[in-house]
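Enquirer: Quick one, final-v8.cif (mmCIF, N, CA and C atoms):
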data_structure
#
loop_
_atom_site.label_atom_id
_atom_site.label_comp_id
_atom_site.auth_asym_id
_atom_site.auth_seq_id
_atom_site.Cartn_x
_atom_site.Cartn_y
_atom_site.Cartn_z
N MET A 2 100.63 20.55 91.78
CA MET A 2 99.39 21.03 92.32
C MET A 2 98.88 20.01 93.33
N ALA A 3 98.50 20.47 94.49
CA ALA A 3 98.03 19.61 95.56
C ALA A 3 96.60 19.17 95.29
N SER A 4 96.31 17.98 95.72
CA SER A 4 94.95 17.46 95.59
C SER A 4 94.01 18.26 96.46
N GLN A 5 92.80 18.46 95.99
CA GLN A 5 91.81 19.20 96.76
C GLN A 5 91.11 18.31 97.78
N HIS A 6 91.32 17.03 97.72
CA HIS A 6 90.67 16.11 98.65
C HIS A 6 91.72 15.45 99.53
N PRO A 7 91.48 15.47 100.85
CA PRO A 7 92.42 14.77 101.73
C PRO A 7 92.42 13.28 101.39
N ALA A 8 93.49 12.64 101.73
CA ALA A 8 93.61 11.20 101.45
C ALA A 8 92.40 10.46 101.98
N GLY A 9 91.76 9.72 101.11
CA GLY A 9 90.63 8.91 101.52
C GLY A 9 89.30 9.65 101.52
N ALA A 10 89.30 10.96 101.31
CA ALA A 10 88.05 11.70 101.35
C ALA A 10 87.20 11.27 100.17
N GLY A 11 85.94 11.10 100.43
CA GLY A 11 85.01 10.73 99.38
C GLY A 11 85.03 9.25 99.04
N THR A 12 85.87 8.50 99.71
CA THR A 12 85.88 7.06 99.47
C THR A 12 85.34 6.37 100.71
N ARG A 13 84.75 5.24 100.48
CA ARG A 13 84.23 4.46 101.60
C ARG A 13 85.25 3.40 101.98
N ALA A 14 85.36 3.17 103.26
CA ALA A 14 86.28 2.14 103.73
C ALA A 14 85.78 0.78 103.26
N ARG A 15 86.68 0.00 102.76
CA ARG A 15 86.34 -1.33 102.29
C ARG A 15 86.20 -2.25 103.49
N ARG A 16 85.10 -2.94 103.58
CA ARG A 16 84.87 -3.86 104.68
C ARG A 16 85.39 -5.24 104.30
N TYR A 17 86.20 -5.77 105.17
CA TYR A 17 86.77 -7.09 104.95
C TYR A 17 85.86 -8.13 105.60
N ARG A 18 85.54 -9.15 104.84
CA ARG A 18 84.70 -10.21 105.38
C ARG A 18 85.19 -11.54 104.84
N SER A 19 85.47 -12.44 105.74
CA SER A 19 85.97 -13.75 105.35
C SER A 19 85.10 -14.83 105.98
N ARG A 20 84.56 -15.70 105.15
CA ARG A 20 83.72 -16.80 105.65
C ARG A 20 84.54 -17.70 106.58
N ARG A 21 85.79 -17.96 106.20
CA ARG A 21 86.64 -18.81 107.03
C ARG A 21 86.88 -18.17 108.40
N ARG A 22 87.13 -16.89 108.40
CA ARG A 22 87.38 -16.20 109.66
C ARG A 22 86.12 -16.19 110.54
N GLU A 23 84.96 -16.01 109.93
CA GLU A 23 83.70 -16.06 110.68
C GLU A 23 83.48 -17.44 111.27
N GLN A 24 83.81 -18.49 110.52
CA GLN A 24 83.66 -19.86 111.03
C GLN A 24 84.62 -20.10 112.20
N GLN A 25 85.83 -19.58 112.08
CA GLN A 25 86.80 -19.73 113.18
C GLN A 25 86.31 -19.01 114.42
N ALA A 26 85.76 -17.81 114.24
CA ALA A 26 85.26 -17.04 115.38
C ALA A 26 84.09 -17.77 116.04
N ARG A 27 83.21 -18.34 115.25
CA ARG A 27 82.07 -19.10 115.81
C ARG A 27 82.56 -20.34 116.55
N ALA A 28 83.57 -21.01 116.00
CA ALA A 28 84.12 -22.19 116.66
C ALA A 28 84.77 -21.80 117.99
N THR A 29 85.48 -20.70 118.00
CA THR A 29 86.10 -20.21 119.24
C THR A 29 85.04 -19.88 120.27
N ARG A 30 84.01 -19.17 119.83
CA ARG A 30 82.90 -18.81 120.73
C ARG A 30 82.25 -20.07 121.29
N ALA A 31 82.04 -21.07 120.45
CA ALA A 31 81.42 -22.32 120.91
C ALA A 31 82.31 -23.04 121.93
N ARG A 32 83.62 -23.04 121.71
CA ARG A 32 84.55 -23.66 122.67
C ARG A 32 84.50 -22.94 124.01
N ILE A 33 84.44 -21.61 123.96
CA ILE A 33 84.38 -20.83 125.20
C ILE A 33 83.07 -21.12 125.94
N ILE A 34 81.97 -21.17 125.22
CA ILE A 34 80.67 -21.43 125.85
C ILE A 34 80.65 -22.83 126.46
N ALA A 35 81.16 -23.81 125.75
CA ALA A 35 81.19 -25.18 126.28
C ALA A 35 82.06 -25.26 127.53
N ALA A 36 83.22 -24.63 127.49
CA ALA A 36 84.12 -24.63 128.66
C ALA A 36 83.47 -23.92 129.83
N ALA A 37 82.82 -22.79 129.57
CA ALA A 37 82.15 -22.04 130.63
C ALA A 37 81.00 -22.85 131.23
N ALA A 38 80.24 -23.52 130.39
CA ALA A 38 79.12 -24.33 130.90
C ALA A 38 79.65 -25.41 131.86
N ARG A 39 80.71 -26.09 131.46
CA ARG A 39 81.29 -27.12 132.33
C ARG A 39 81.76 -26.52 133.65
N ARG A 40 82.44 -25.39 133.57
CA ARG A 40 82.95 -24.74 134.78
C ARG A 40 81.83 -24.29 135.69
N PHE A 41 80.83 -23.59 135.12
CA PHE A 41 79.72 -23.09 135.94
C PHE A 41 78.99 -24.24 136.62
N LEU A 42 78.76 -25.33 135.90
CA LEU A 42 78.04 -26.46 136.48
C LEU A 42 78.87 -27.17 137.55
N ALA A 43 80.17 -27.24 137.36
CA ALA A 43 81.04 -27.94 138.32
C ALA A 43 81.40 -27.10 139.53
N ARG A 44 81.59 -25.79 139.32
CA ARG A 44 82.13 -24.95 140.40
C ARG A 44 81.24 -23.78 140.80
N GLY A 45 80.12 -23.61 140.11
CA GLY A 45 79.24 -22.49 140.43
C GLY A 45 79.77 -21.20 139.86
N TYR A 46 79.03 -20.15 140.07
CA TYR A 46 79.40 -18.84 139.53
C TYR A 46 80.64 -18.29 140.22
N ALA A 47 80.64 -18.29 141.54
CA ALA A 47 81.77 -17.73 142.29
C ALA A 47 83.05 -18.52 142.04
N GLY A 48 82.94 -19.83 141.84
CA GLY A 48 84.12 -20.67 141.65
C GLY A 48 84.63 -20.72 140.22
N THR A 49 83.97 -19.99 139.33
CA THR A 49 84.39 -19.97 137.93
C THR A 49 85.05 -18.64 137.63
N THR A 50 86.24 -18.69 137.06
CA THR A 50 86.91 -17.45 136.66
C THR A 50 87.00 -17.41 135.14
N MET A 51 87.05 -16.20 134.62
CA MET A 51 87.21 -16.02 133.18
C MET A 51 88.54 -16.63 132.73
N ARG A 52 89.56 -16.51 133.56
CA ARG A 52 90.88 -17.06 133.24
C ARG A 52 90.80 -18.58 133.10
N ALA A 53 90.09 -19.24 134.01
CA ALA A 53 89.95 -20.70 133.95
C ALA A 53 89.15 -21.13 132.71
N VAL A 54 88.11 -20.37 132.40
CA VAL A 54 87.32 -20.67 131.20
C VAL A 54 88.21 -20.55 129.96
N ALA A 55 89.00 -19.48 129.91
CA ALA A 55 89.90 -19.28 128.77
C ALA A 55 90.87 -20.45 128.64
N ALA A 56 91.45 -20.86 129.76
CA ALA A 56 92.40 -21.98 129.73
C ALA A 56 91.72 -23.26 129.25
N ASP A 57 90.52 -23.53 129.76
CA ASP A 57 89.79 -24.74 129.35
C ASP A 57 89.43 -24.70 127.86
N ALA A 58 89.15 -23.51 127.35
CA ALA A 58 88.76 -23.36 125.94
C ALA A 58 89.97 -23.29 125.02
N GLY A 59 91.16 -23.14 125.59
CA GLY A 59 92.37 -23.06 124.78
C GLY A 59 92.54 -21.72 124.10
N VAL A 60 92.06 -20.66 124.76
CA VAL A 60 92.21 -19.31 124.22
C VAL A 60 92.80 -18.40 125.29
N ALA A 61 93.21 -17.23 124.88
CA ALA A 61 93.74 -16.25 125.82
C ALA A 61 92.60 -15.55 126.56
N LEU A 62 92.86 -15.13 127.78
CA LEU A 62 91.86 -14.40 128.57
C LEU A 62 91.30 -13.20 127.81
N PRO A 63 92.14 -12.38 127.14
CA PRO A 63 91.58 -11.25 126.40
C PRO A 63 90.56 -11.65 125.33
N THR A 64 90.70 -12.87 124.78
CA THR A 64 89.72 -13.34 123.80
C THR A 64 88.36 -13.50 124.45
N VAL A 65 88.32 -14.13 125.62
CA VAL A 65 87.05 -14.32 126.34
C VAL A 65 86.46 -12.95 126.69
N GLU A 66 87.29 -12.06 127.16
CA GLU A 66 86.81 -10.72 127.53
C GLU A 66 86.31 -9.94 126.32
N LEU A 67 86.98 -10.08 125.19
CA LEU A 67 86.56 -9.39 123.97
C LEU A 67 85.22 -9.92 123.47
N VAL A 68 85.06 -11.23 123.49
CA VAL A 68 83.85 -11.84 122.96
C VAL A 68 82.65 -11.64 123.90
N PHE A 69 82.86 -11.75 125.22
CA PHE A 69 81.73 -11.73 126.15
C PHE A 69 81.71 -10.55 127.10
N GLY A 70 82.82 -9.90 127.32
CA GLY A 70 82.83 -8.75 128.22
C GLY A 70 83.00 -9.17 129.67
N THR A 71 81.90 -9.49 130.31
CA THR A 71 81.93 -9.81 131.74
C THR A 71 81.53 -11.27 131.98
N LYS A 72 81.80 -11.72 133.19
CA LYS A 72 81.41 -13.08 133.56
C LYS A 72 79.89 -13.22 133.55
N ALA A 73 79.18 -12.19 133.95
CA ALA A 73 77.71 -12.23 133.92
C ALA A 73 77.21 -12.39 132.49
N LYS A 74 77.80 -11.67 131.56
CA LYS A 74 77.39 -11.78 130.15
C LYS A 74 77.76 -13.15 129.58
N LEU A 75 78.87 -13.70 130.04
CA LEU A 75 79.27 -15.04 129.62
C LEU A 75 78.23 -16.06 130.10
N LEU A 76 77.83 -15.97 131.37
CA LEU A 76 76.83 -16.90 131.88
C LEU A 76 75.51 -16.75 131.12
N LYS A 77 75.13 -15.53 130.81
CA LYS A 77 73.89 -15.31 130.04
C LYS A 77 74.00 -15.99 128.67
N ALA A 78 75.13 -15.85 128.01
CA ALA A 78 75.32 -16.50 126.71
C ALA A 78 75.25 -18.02 126.84
N VAL A 79 75.85 -18.55 127.90
CA VAL A 79 75.83 -20.00 128.13
C VAL A 79 74.38 -20.47 128.34
N ILE A 80 73.62 -19.72 129.11
CA ILE A 80 72.22 -20.08 129.35
C ILE A 80 71.42 -19.97 128.06
N ASP A 81 71.64 -18.91 127.29
CA ASP A 81 70.92 -18.75 126.01
C ASP A 81 71.17 -19.93 125.08
N VAL A 82 72.42 -20.37 124.99
CA VAL A 82 72.75 -21.50 124.13
C VAL A 82 72.10 -22.78 124.67
N ALA A 83 72.10 -22.94 125.98
CA ALA A 83 71.47 -24.13 126.56
C ALA A 83 69.96 -24.13 126.27
N ILE A 84 69.33 -23.00 126.39
CA ILE A 84 67.89 -22.92 126.12
C ILE A 84 67.60 -23.23 124.65
N ALA A 85 68.35 -22.60 123.76
CA ALA A 85 68.11 -22.78 122.32
C ALA A 85 68.57 -24.14 121.82
N GLY A 86 69.61 -24.68 122.44
CA GLY A 86 70.16 -25.95 121.99
C GLY A 86 71.33 -25.78 121.04
N ASP A 87 71.60 -24.55 120.63
CA ASP A 87 72.73 -24.26 119.74
C ASP A 87 72.98 -22.76 119.79
N ASP A 88 73.99 -22.33 119.05
CA ASP A 88 74.29 -20.89 119.03
C ASP A 88 73.98 -20.26 117.68
N GLU A 89 73.11 -20.90 116.93
CA GLU A 89 72.73 -20.35 115.63
C GLU A 89 71.98 -19.04 115.83
N PRO A 90 72.25 -18.05 114.98
CA PRO A 90 71.56 -16.75 115.11
C PRO A 90 70.16 -16.80 114.49
N VAL A 91 69.33 -17.71 115.00
CA VAL A 91 67.98 -17.90 114.48
C VAL A 91 67.00 -17.66 115.62
N PRO A 92 66.06 -16.75 115.45
CA PRO A 92 65.06 -16.53 116.51
C PRO A 92 64.33 -17.83 116.84
N MET A 93 63.95 -18.00 118.09
CA MET A 93 63.30 -19.23 118.52
C MET A 93 62.07 -19.57 117.68
N LEU A 94 61.28 -18.58 117.35
CA LEU A 94 60.05 -18.85 116.61
C LEU A 94 60.27 -19.09 115.12
N ASP A 95 61.52 -18.96 114.67
CA ASP A 95 61.86 -19.28 113.27
C ASP A 95 62.54 -20.64 113.16
N ARG A 96 62.54 -21.39 114.23
CA ARG A 96 63.22 -22.68 114.25
C ARG A 96 62.29 -23.80 113.81
N GLU A 97 62.90 -24.94 113.52
CA GLU A 97 62.16 -26.09 112.99
C GLU A 97 61.03 -26.52 113.92
N TRP A 98 61.26 -26.53 115.24
CA TRP A 98 60.21 -26.96 116.16
C TRP A 98 59.00 -26.04 116.09
N ALA A 99 59.21 -24.76 115.84
CA ALA A 99 58.09 -23.82 115.75
C ALA A 99 57.27 -24.10 114.49
N ARG A 100 57.94 -24.46 113.42
CA ARG A 100 57.22 -24.83 112.19
C ARG A 100 56.39 -26.09 112.43
N ARG A 101 56.97 -27.06 113.18
CA ARG A 101 56.21 -28.28 113.51
C ARG A 101 54.98 -27.92 114.34
N ALA A 102 55.15 -27.01 115.29
CA ALA A 102 54.02 -26.61 116.14
C ALA A 102 52.94 -25.94 115.30
N GLU A 103 53.35 -25.06 114.39
CA GLU A 103 52.37 -24.38 113.54
C GLU A 103 51.59 -25.35 112.66
N SER A 104 52.24 -26.41 112.23
CA SER A 104 51.57 -27.35 111.33
C SER A 104 50.92 -28.51 112.07
N ALA A 105 51.00 -28.52 113.40
CA ALA A 105 50.40 -29.60 114.18
C ALA A 105 48.88 -29.58 114.03
N ALA A 106 48.30 -30.76 114.13
CA ALA A 106 46.85 -30.88 114.01
C ALA A 106 46.20 -30.48 115.34
N GLY A 107 45.53 -29.35 115.34
CA GLY A 107 44.76 -28.92 116.50
C GLY A 107 45.59 -28.35 117.63
N ALA A 108 44.87 -27.86 118.62
CA ALA A 108 45.49 -27.22 119.78
C ALA A 108 46.32 -28.21 120.59
N ALA A 109 45.83 -29.44 120.71
CA ALA A 109 46.57 -30.44 121.49
C ALA A 109 47.92 -30.76 120.85
N GLY A 110 47.94 -30.86 119.53
CA GLY A 110 49.20 -31.12 118.83
C GLY A 110 50.16 -29.95 118.97
N PHE A 111 49.63 -28.74 118.84
CA PHE A 111 50.44 -27.53 119.01
C PHE A 111 51.04 -27.51 120.42
N ALA A 112 50.22 -27.76 121.43
CA ALA A 112 50.68 -27.74 122.81
C ALA A 112 51.72 -28.84 123.06
N ALA A 113 51.54 -29.99 122.45
CA ALA A 113 52.49 -31.09 122.65
C ALA A 113 53.87 -30.74 122.10
N VAL A 114 53.90 -30.13 120.92
CA VAL A 114 55.19 -29.74 120.33
C VAL A 114 55.85 -28.68 121.20
N CYS A 115 55.08 -27.67 121.60
CA CYS A 115 55.64 -26.60 122.44
C CYS A 115 56.11 -27.14 123.78
N ALA A 116 55.32 -28.01 124.39
CA ALA A 116 55.71 -28.59 125.68
C ALA A 116 56.98 -29.42 125.55
N GLY A 117 57.09 -30.17 124.48
CA GLY A 117 58.30 -30.95 124.27
C GLY A 117 59.53 -30.07 124.14
N GLN A 118 59.38 -28.98 123.41
CA GLN A 118 60.50 -28.05 123.24
C GLN A 118 60.86 -27.38 124.57
N LEU A 119 59.86 -26.96 125.30
CA LEU A 119 60.11 -26.32 126.60
C LEU A 119 60.79 -27.30 127.57
N ALA A 120 60.37 -28.55 127.54
CA ALA A 120 60.99 -29.55 128.43
C ALA A 120 62.46 -29.77 128.06
N GLU A 121 62.76 -29.86 126.77
CA GLU A 121 64.15 -30.02 126.33
C GLU A 121 64.99 -28.81 126.73
N SER A 122 64.46 -27.61 126.52
CA SER A 122 65.18 -26.39 126.89
C SER A 122 65.43 -26.35 128.38
N ALA A 123 64.43 -26.69 129.16
CA ALA A 123 64.57 -26.68 130.63
C ALA A 123 65.60 -27.71 131.08
N ARG A 124 65.59 -28.88 130.45
CA ARG A 124 66.56 -29.92 130.81
C ARG A 124 67.99 -29.43 130.57
N ARG A 125 68.20 -28.78 129.43
CA ARG A 125 69.56 -28.30 129.10
C ARG A 125 69.98 -27.13 130.00
N ALA A 126 69.05 -26.28 130.38
CA ALA A 126 69.40 -25.04 131.08
C ALA A 126 69.20 -25.08 132.59
N ALA A 127 68.58 -26.11 133.13
CA ALA A 127 68.21 -26.12 134.55
C ALA A 127 69.39 -25.87 135.49
N GLY A 128 70.46 -26.62 135.33
CA GLY A 128 71.61 -26.44 136.21
C GLY A 128 72.21 -25.05 136.11
N LEU A 129 72.27 -24.53 134.89
CA LEU A 129 72.83 -23.19 134.69
C LEU A 129 71.91 -22.12 135.28
N THR A 130 70.62 -22.35 135.21
CA THR A 130 69.67 -21.41 135.81
C THR A 130 69.86 -21.38 137.32
N LEU A 131 70.09 -22.54 137.92
CA LEU A 131 70.36 -22.58 139.36
C LEU A 131 71.65 -21.84 139.70
N VAL A 132 72.67 -21.96 138.85
CA VAL A 132 73.91 -21.21 139.05
C VAL A 132 73.62 -19.71 139.07
N ALA A 133 72.82 -19.25 138.11
CA ALA A 133 72.48 -17.83 138.02
C ALA A 133 71.67 -17.38 139.22
N LEU A 134 70.69 -18.17 139.64
CA LEU A 134 69.86 -17.78 140.79
C LEU A 134 70.68 -17.72 142.08
N GLU A 135 71.60 -18.66 142.24
CA GLU A 135 72.47 -18.64 143.42
C GLU A 135 73.38 -17.41 143.41
N ALA A 136 73.96 -17.12 142.26
CA ALA A 136 74.88 -15.99 142.15
C ALA A 136 74.16 -14.65 142.27
N ALA A 137 72.90 -14.62 141.91
CA ALA A 137 72.14 -13.36 141.91
C ALA A 137 72.06 -12.75 143.31
N ARG A 138 72.16 -13.59 144.33
CA ARG A 138 72.09 -13.06 145.71
C ARG A 138 73.27 -12.14 146.02
N ALA A 139 74.41 -12.39 145.40
CA ALA A 139 75.62 -11.63 145.73
C ALA A 139 76.12 -10.71 144.63
N ASP A 140 75.66 -10.91 143.42
CA ASP A 140 76.20 -10.16 142.27
C ASP A 140 75.09 -9.46 141.52
N PRO A 141 75.05 -8.12 141.58
CA PRO A 141 73.98 -7.38 140.91
C PRO A 141 73.96 -7.57 139.38
N ASP A 142 75.13 -7.79 138.78
CA ASP A 142 75.16 -8.01 137.33
C ASP A 142 74.45 -9.30 136.96
N ILE A 143 74.67 -10.33 137.74
CA ILE A 143 74.03 -11.60 137.43
C ILE A 143 72.57 -11.59 137.90
N ALA A 144 72.24 -10.76 138.85
CA ALA A 144 70.83 -10.63 139.28
C ALA A 144 69.98 -10.15 138.09
N ALA A 145 70.54 -9.26 137.28
CA ALA A 145 69.82 -8.79 136.09
C ALA A 145 69.61 -9.93 135.11
N VAL A 146 70.61 -10.81 134.97
CA VAL A 146 70.49 -11.96 134.08
C VAL A 146 69.44 -12.93 134.65
N ALA A 147 69.49 -13.18 135.94
CA ALA A 147 68.56 -14.13 136.58
C ALA A 147 67.12 -13.62 136.48
N ALA A 148 66.96 -12.32 136.58
CA ALA A 148 65.59 -11.75 136.50
C ALA A 148 65.03 -11.97 135.12
#
Let me see the structure of the file written as structure tokens.
Expert:
Amino acid sequence: MASQHPAGAGTRARRYRSRRREQQARATRARIIAAAARRFLARGYAGTTMRAVAADAGVALPTVELVFGTKAKLLKAVIDVAIAGDDEPVPMLDREWARRAESAAGAAGFAAVCAGQLAESARRAAGLTLVALEAARADPDIAAVAA
């Protein structure tokens, strides 16, 4: 007698999740972002290729394309990491500096903590922001990132 349910019907696909694999993926992403940051700062947007970033990061070009898609999205990710100071998936206002600002004594203390954080973010991202602004003149994809 044949089964009344097709193979797999009524069952949910088992999701595979490995902490080690997630750590490896994050490490790969971090290597790509670091390599891209160096390339963008040294050669600008036009002088940076996804292939060169992949080679510098020690990964295959399809890996960079799979993780980031386009060069514009890669630059956006590099700028985001520079602004935040890391690639942790933590919203800016849930970070330690925001807690310090909330607990600061008075408005002046709050402003000092925020200003310090903004200055650090600007220092890390300034060169990359210039790369994006320069590229925005010629590339509509990066113009959206620069805006």
Enquirer: Ranking A:Leu134, A:Ile33, A:Leu67, A:Ala147 by minimum distance to Val79 in chain A and counting only N, CA and C atoms, which one comes first?
Expert: A:Ile33
Enquirer: Mind listing whatever residues come within 6 Å of the point (83.0, -16.9, 127.2)? Use only N, CA and C atoms, file coordinates, and give them as a PyMOL selection string.
Expert: chain A and resi 33-34+65+69+75
Enquirer: So which residues touch Ile143 in chain A within 8 Å, counting all atoms listed in the file, skipping near sequence neighbours fewer than 6 positions away, as a VMD selection string?
Expert: chain A and resid 72 to 74 77 133 to 134 136 to 137
Enquirer: Go ahead and dump the residues you just picked, N, CA and C atoms, as a short mmCIF file (atom, residue, chain, number, x, y, z; two decimals), in the frame of the given file.
Expert:
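Output below, filename part.cif:
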data_model
loop_
_atom_site.label_atom_id
_atom_site.label_comp_id
_atom_site.auth_asym_id
_atom_site.auth_seq_id
_atom_site.Cartn_x
_atom_site.Cartn_y
_atom_site.Cartn_z
N LYS A 72 81.80 -11.72 133.19
CA LYS A 72 81.41 -13.08 133.56
C LYS A 72 79.89 -13.22 133.55
N ALA A 73 79.18 -12.19 133.95
CA ALA A 73 77.71 -12.23 133.92
C ALA A 73 77.21 -12.39 132.49
N LYS A 74 77.80 -11.67 131.56
CA LYS A 74 77.39 -11.78 130.15
C LYS A 74 77.76 -13.15 129.58
N LYS A 77 75.13 -15.53 130.81
CA LYS A 77 73.89 -15.31 130.04
C LYS A 77 74.00 -15.99 128.67
N ALA A 133 72.82 -19.25 138.11
CA ALA A 133 72.48 -17.83 138.02
C ALA A 133 71.67 -17.38 139.22
N LEU A 134 70.69 -18.17 139.64
CA LEU A 134 69.86 -17.78 140.79
C LEU A 134 70.68 -17.72 142.08
N ALA A 136 73.96 -17.12 142.26
CA ALA A 136 74.88 -15.99 142.15
C ALA A 136 74.16 -14.65 142.27
N ALA A 137 72.90 -14.62 141.91
CA ALA A 137 72.14 -13.36 141.91
C ALA A 137 72.06 -12.75 143.31
#
Enquirer: Pick the closest to Val82 in chain A from A:Arg40, A:Phe111, A:Ala126, A:Ala139: which is it, counting only N, CA and C atoms?
Expert: A:Ala126
Enquirer: Can you tell me how far atom C of Arg138 in chain A sits from atom C of Tyr46 in chain A, in Å to one decimal?
Expert: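 Atom C of Tyr46 in chain A lies 11.2 Å from atom C of Arg138 in chain A.
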Enquirer: Please, what distance in Å, to one decimal, runs between atom C of Ala35 in chain A and CA of Glu89 in chain A?
Expert: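 Atom C of Ala35 in chain A sits 15.9 Å away from CA of Glu89 in chain A.
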Enquirer: Any idea what the distance is between atom N of Val54 in chain A and atom C of Ala36 in chain A?
Expert: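 These two atoms are separated by 6.4 Å.
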Enquirer: Around all of range 134-141 of chain A's listed atoms, make the axis-aligned box with 3 Å on each side and tell me centre and edge lengths in Å to one decimal, as lines of an AutoDock Vina configuration file.
Expert:
center_x = 73.0
center_y = -13.0
center_z = 142.7
size_x = 12.3
size_y = 17.3
size_z = 12.6
Enquirer: Hey, which of A:Ser19, A:Pro92, A:Phe41, A:Arg27 ends up closest to Gly128 in chain A? Count all atoms listed in the file.
Expert: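 Answer, going by the shortest atom-to-atom distance: A:Phe41.
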Enquirer: Of the residues A:Glu97, A:Cys115, A:Ala105, A:Ala37, which is the one nearest to Ala53 in chain A, using only N, CA and C atoms?
Expert: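 Looking at the shortest contact to Ala53 in chain A, the residue is A:Ala37.
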Enquirer: From the set A:Glu66, A:Asp140, A:Asp57, A:Asp87, which residue has the shortest atom-to-atom contact distance to Ala31 in chain A, counting only C-alpha atoms?
Expert: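 Among the listed residues, A:Asp87 lies closest to Ala31 in chain A.
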Enquirer: Starting from the shown file, work through the PyMOL selection byres (((chain A and resi 84 and name CA) around 8) and name CA) and note down what comes out as a PyMOL selection string.
Expert: chain A and resi 80-83+85-86+122-123+125-126
Enquirer: Can you list, as a PyMOL selection string, all residues belonging to range 25-137 of chain A that DSSP tags as alpha helix (DSSP H)?
Expert: chain A and resi 25-44+51-58+62-69+72-85+97-104+107-137
Enquirer: So, counting only C-alpha atoms, which residue among A:Arg30, A:Arg18, A:Arg39, A:Arg44 is closest to Glu135 in chain A?
Expert: A:Arg44
Enquirer: Can you sort out range 123-135 of chain A so it carries N, CA, C and O atoms, written as a PDB file, keeping the file's coordinate frame?
Expert:
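Contents of selection_35.pdb, as written:
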ATOM      1  N   ALA A 123      64.430 -26.690 129.160  1.00  0.00           N
ATOM      2  CA  ALA A 123      64.570 -26.680 130.630  1.00  0.00           C
ATOM      3  C   ALA A 123      65.600 -27.710 131.080  1.00  0.00           C
ATOM      4  O   ALA A 123      66.402 -27.437 131.975  1.00  0.00           O
ATOM      5  N   ARG A 124      65.590 -28.880 130.450  1.00  0.00           N
ATOM      6  CA  ARG A 124      66.560 -29.920 130.810  1.00  0.00           C
ATOM      7  C   ARG A 124      67.990 -29.430 130.570  1.00  0.00           C
ATOM      8  O   ARG A 124      68.873 -29.595 131.404  1.00  0.00           O
ATOM      9  N   ARG A 125      68.200 -28.780 129.430  1.00  0.00           N
ATOM     10  CA  ARG A 125      69.560 -28.300 129.100  1.00  0.00           C
ATOM     11  C   ARG A 125      69.980 -27.130 130.000  1.00  0.00           C
ATOM     12  O   ARG A 125      71.161 -26.988 130.318  1.00  0.00           O
ATOM     13  N   ALA A 126      69.050 -26.280 130.380  1.00  0.00           N
ATOM     14  CA  ALA A 126      69.400 -25.040 131.080  1.00  0.00           C
ATOM     15  C   ALA A 126      69.200 -25.080 132.590  1.00  0.00           C
ATOM     16  O   ALA A 126      69.615 -24.140 133.277  1.00  0.00           O
ATOM     17  N   ALA A 127      68.580 -26.110 133.130  1.00  0.00           N
ATOM     18  CA  ALA A 127      68.210 -26.120 134.550  1.00  0.00           C
ATOM     19  C   ALA A 127      69.390 -25.870 135.490  1.00  0.00           C
ATOM     20  O   ALA A 127      69.318 -25.004 136.365  1.00  0.00           O
ATOM     21  N   GLY A 128      70.460 -26.620 135.330  1.00  0.00           N
ATOM     22  CA  GLY A 128      71.610 -26.440 136.210  1.00  0.00           C
ATOM     23  C   GLY A 128      72.210 -25.050 136.110  1.00  0.00           C
ATOM     24  O   GLY A 128      72.606 -24.452 137.121  1.00  0.00           O
ATOM     25  N   LEU A 129      72.270 -24.530 134.890  1.00  0.00           N
ATOM     26  CA  LEU A 129      72.830 -23.190 134.690  1.00  0.00           C
ATOM     27  C   LEU A 129      71.910 -22.120 135.280  1.00  0.00           C
ATOM     28  O   LEU A 129      72.387 -21.101 135.804  1.00  0.00           O
ATOM     29  N   THR A 130      70.620 -22.350 135.210  1.00  0.00           N
ATOM     30  CA  THR A 130      69.670 -21.410 135.810  1.00  0.00           C
ATOM     31  C   THR A 130      69.860 -21.380 137.320  1.00  0.00           C
ATOM     32  O   THR A 130      69.839 -20.305 137.934  1.00  0.00           O
ATOM     33  N   LEU A 131      70.090 -22.540 137.920  1.00  0.00           N
ATOM     34  CA  LEU A 131      70.360 -22.580 139.360  1.00  0.00           C
ATOM     35  C   LEU A 131      71.650 -21.840 139.700  1.00  0.00           C
ATOM     36  O   LEU A 131      71.718 -21.143 140.717  1.00  0.00           O
ATOM     37  N   VAL A 132      72.670 -21.960 138.850  1.00  0.00           N
ATOM     38  CA  VAL A 132      73.910 -21.210 139.050  1.00  0.00           C
ATOM     39  C   VAL A 132      73.620 -19.710 139.070  1.00  0.00           C
ATOM     40  O   VAL A 132      74.085 -18.983 139.938  1.00  0.00           O
ATOM     41  N   ALA A 133      72.820 -19.250 138.110  1.00  0.00           N
ATOM     42  CA  ALA A 133      72.480 -17.830 138.020  1.00  0.00           C
ATOM     43  C   ALA A 133      71.670 -17.380 139.220  1.00  0.00           C
ATOM     44  O   ALA A 133      71.917 -16.305 139.784  1.00  0.00           O
ATOM     45  N   LEU A 134      70.690 -18.170 139.640  1.00  0.00           N
ATOM     46  CA  LEU A 134      69.860 -17.780 140.790  1.00  0.00           C
ATOM     47  C   LEU A 134      70.680 -17.720 142.080  1.00  0.00           C
ATOM     48  O   LEU A 134      70.496 -16.817 142.896  1.00  0.00           O
ATOM     49  N   GLU A 135      71.600 -18.660 142.240  1.00  0.00           N
ATOM     50  CA  GLU A 135      72.470 -18.640 143.420  1.00  0.00           C
ATOM     51  C   GLU A 135      73.380 -17.410 143.410  1.00  0.00           C
ATOM     52  O   GLU A 135      73.551 -16.733 144.408  1.00  0.00           O
TER      53      GLU A 135
END
